[in-house]
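Undergrad: The structure's right below; bear with me while I get my questions together.
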Amino acid sequence: AFATGGNTTPRTNPLAAQYTEAEMCAITEEAQRLNVHVAAHAHGTPGVRNAIRARVTTIEHCSFMTAAGVGYEPDEVRMIADAGLYVCPTIFQGRGKYLDREQAKESDEIAQFFALRDQRFTLVRRLVEDGVKLVSGSDSGVGYNSFDDYPGDLVLATEGTDLSPLYMLKTATSVAAEALGRDDLGTLAPGKAADLLAVHGNPLRDIRALTQPRLVVARGQVVD
């Protein structure tokens with residue numbers, strides 16, 4: 001559900017709610033009847049607030065965006081934590097793959113890019129400190145962002161937020177499976193799907209090991 005507009009969607013306002021609280025509640029009530037989950041794309045605080053009150057499963061972005069940039073709303077964050085909702089902050093490399101901070105000294109636009117990214121890192125740390133459960137997802141499909149970027153996106157999220165590699169790996173595996181209601185995924189145990197990623201190095205010590213795969217197993221079958 002697009003609780004707010006998107007930054008890449010023409011003629012929408014990412015700061016404003018696209019659905020009323022009642023409409024969002026109707027979406028989640030119907031989803032519950034059909035036993036499916038609801039993910040709500042929400043940038044601006046009004047849309048985040050409606051998503052919380054509708055008890056969506058995951059809030060994508062949850063950036064509390066205002067005209068001044070990324071914000072923070074302690075009361076809403078407390079509601080997210082108390083309700084057991086999940087936040088997928090969608091940190092990804094994006095344009096940052098092609099830029100560096102040295103260039104930011106020469107361009108206001110690039111400086112704003114990095115400033116906004118730093119605000120999002122801070123937001124994610126605060127969400128975790130306030131008890132919100134995170135799941136990892138990259139928002140792949142938007143500009144400069146492809147599905148095969150995901151290992152690097154996890155590296156960026158880990159290093160940018162200063163959360164532990166173990167914490168971030170759980171957001172991409174066991175906690176993500178929990179959010180989806182998939183008890184057959186997310187951990188290695190008898191009776192669960194045999195999905196494995198073997199890497200060079202120890203990702204618990206250096207998350208960058210995720211970018212050096214040795215073996216991929218999906219449903220017990222080696223992926224060539």
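Each chain of the structure tokens is named A, B, ... in the order shown, its residues numbered from 1; ligands are numbered from 1 in display order.
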Quick one: everything within 8 Å of A:Val216, counting only C-alpha atoms, minus sequence neighbours fewer than 4 positions away in the same chain. Send it as a ChimeraX atom specification.

TA: /A:195-198,222-224

Undergrad: DSSP on the backbone: what in stretch 67-130 of chain A comes out strand (DSSP E), as a list in words?

TA: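 DSSP-assigned strand (DSSP E) residues in stretch 67-130 of chain A: Gly69, Val70, Tyr86, Val87 and Cys88 of chain A.
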
Undergrad: Do you know which residues are at most 12 Å from stretch 29-31 of chain A counting only C-alpha atoms, after dropping those on the same chain fewer than 3 positions away, and could you put them as a list in words?

TA: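 My list of contacting residues is Ala1, Ala22, Glu23, Met24, Cys25, Ala26, Leu34, Asn35, Val36, His37, Val38, Ala39, Arg53, Ala54, Arg55, Val56 and Thr57 of chain A.
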
Undergrad: If we count only C-alpha atoms and set the cut-off at 12 Å, which residues sit around A:Asn202, ignoring sequence neighbours fewer than 4 positions away in its own chain? Please answer as a VMD selection string.

TA: chain A and resid 165 to 166 169 197 to 198 206 to 213

Undergrad: Hey, what's within 12 Å of A:Tyr98 if we count only C-alpha atoms and toss same-chain stuff fewer than 3 positions away? As a list in words, please?

TA: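 Counting only C-alpha atoms, the residues come to Gln93, Gly94, Arg95, Arg101, Glu102, Gln103, Ala104, Ile110, Phe113, Tyr144 and Asn145 of chain A.
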
Undergrad: Go ahead and dump the residues you just picked, all heavy atoms, as a short mmCIF file (atom, residue, chain, number, x, y, z; two decimals), in the first residue's frame.

TA:
data_model
loop_
_atom_site.label_atom_id
_atom_site.label_comp_id
_atom_site.auth_asym_id
_atom_site.auth_seq_id
_atom_site.Cartn_x
_atom_site.Cartn_y
_atom_site.Cartn_z
N GLN A 93 22.84 1.48 -1.88
CA GLN A 93 23.98 2.27 -2.36
C GLN A 93 23.55 3.39 -3.30
O GLN A 93 24.05 4.50 -3.22
CB GLN A 93 24.96 1.34 -3.08
CG GLN A 93 25.55 0.27 -2.19
CD GLN A 93 26.28 -0.76 -3.00
OE1 GLN A 93 27.48 -0.66 -3.22
NE2 GLN A 93 25.56 -1.78 -3.46
N GLY A 94 22.64 3.08 -4.24
CA GLY A 94 22.15 4.10 -5.14
C GLY A 94 23.26 4.87 -5.84
O GLY A 94 24.27 4.32 -6.26
N ARG A 95 23.05 6.16 -5.94
CA ARG A 95 24.04 7.01 -6.62
C ARG A 95 25.39 6.99 -5.92
O ARG A 95 26.42 7.30 -6.52
CB ARG A 95 23.54 8.46 -6.67
CG ARG A 95 22.38 8.70 -7.60
CD ARG A 95 21.98 10.16 -7.58
NE ARG A 95 23.04 11.02 -8.06
CZ ARG A 95 23.17 12.31 -7.72
NH1 ARG A 95 22.30 12.85 -6.88
NH2 ARG A 95 24.15 13.03 -8.20
N ARG A 101 32.75 11.28 -1.10
CA ARG A 101 32.58 12.47 -0.27
C ARG A 101 33.52 13.61 -0.67
O ARG A 101 33.27 14.76 -0.37
CB ARG A 101 32.74 12.11 1.20
CG ARG A 101 31.56 11.31 1.72
CD ARG A 101 31.71 11.00 3.20
NE ARG A 101 30.60 10.18 3.66
CZ ARG A 101 29.47 10.67 4.17
NH1 ARG A 101 29.31 11.97 4.28
NH2 ARG A 101 28.52 9.88 4.58
N GLU A 102 34.61 13.29 -1.34
CA GLU A 102 35.50 14.34 -1.81
C GLU A 102 34.78 15.21 -2.84
O GLU A 102 34.93 16.43 -2.87
CB GLU A 102 36.76 13.73 -2.42
CG GLU A 102 37.74 13.19 -1.38
CD GLU A 102 38.20 14.27 -0.42
OE1 GLU A 102 38.61 15.36 -0.88
OE2 GLU A 102 38.13 14.04 0.81
N GLN A 103 33.97 14.57 -3.70
CA GLN A 103 33.20 15.33 -4.68
C GLN A 103 32.17 16.23 -4.01
O GLN A 103 31.78 17.25 -4.57
CB GLN A 103 32.48 14.37 -5.63
CG GLN A 103 33.39 13.61 -6.57
CD GLN A 103 32.58 12.63 -7.41
OE1 GLN A 103 32.29 11.53 -6.97
NE2 GLN A 103 32.23 13.04 -8.62
N ALA A 104 31.71 15.82 -2.82
CA ALA A 104 30.68 16.59 -2.13
C ALA A 104 31.15 18.00 -1.81
O ALA A 104 30.35 18.93 -1.68
CB ALA A 104 30.26 15.87 -0.85
N ILE A 110 25.58 16.98 -4.50
CA ILE A 110 26.19 15.77 -3.97
C ILE A 110 26.28 15.85 -2.45
O ILE A 110 26.05 14.87 -1.74
CB ILE A 110 27.58 15.54 -4.60
CG1 ILE A 110 27.44 15.31 -6.10
CG2 ILE A 110 28.27 14.35 -3.94
CD1 ILE A 110 28.76 15.19 -6.83
N PHE A 113 23.06 14.90 -1.06
CA PHE A 113 22.87 13.45 -1.14
C PHE A 113 23.47 12.75 0.07
O PHE A 113 22.82 11.93 0.72
CB PHE A 113 23.49 12.91 -2.43
CG PHE A 113 23.58 11.41 -2.49
CD1 PHE A 113 22.51 10.66 -2.94
CD2 PHE A 113 24.74 10.75 -2.09
CE1 PHE A 113 22.58 9.27 -2.99
CE2 PHE A 113 24.82 9.36 -2.13
CZ PHE A 113 23.74 8.62 -2.58
N TYR A 144 19.47 3.58 -10.13
CA TYR A 144 20.80 3.20 -9.62
C TYR A 144 20.74 2.00 -8.68
O TYR A 144 21.66 1.78 -7.89
CB TYR A 144 21.47 4.36 -8.88
CG TYR A 144 21.67 5.62 -9.69
CD1 TYR A 144 20.76 6.67 -9.60
CD2 TYR A 144 22.77 5.76 -10.53
CE1 TYR A 144 20.94 7.83 -10.32
CE2 TYR A 144 22.95 6.92 -11.27
CZ TYR A 144 22.03 7.95 -11.17
OH TYR A 144 22.22 9.10 -11.90
N ASN A 145 19.68 1.22 -8.72
CA ASN A 145 19.52 0.17 -7.72
C ASN A 145 18.99 -1.10 -8.39
O ASN A 145 17.87 -1.13 -8.87
CB ASN A 145 18.53 0.63 -6.63
CG ASN A 145 18.44 -0.32 -5.48
OD1 ASN A 145 19.24 -1.23 -5.36
ND2 ASN A 145 17.46 -0.11 -4.63
#

Undergrad: Pick the closest to A:Ala40 from A:Ala67, A:Ala177, A:Leu99, A:Ala3: which is it, counting only C-alpha atoms?

TA: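 Using only C-alpha atoms, the shortest distance to A:Ala40 belongs to A:Ala3.
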
Undergrad: Quick one: pull the distance between atom CA of A:Glu129 and atom CA of A:Arg78, Å, one decimal.

TA: 10.9 Å
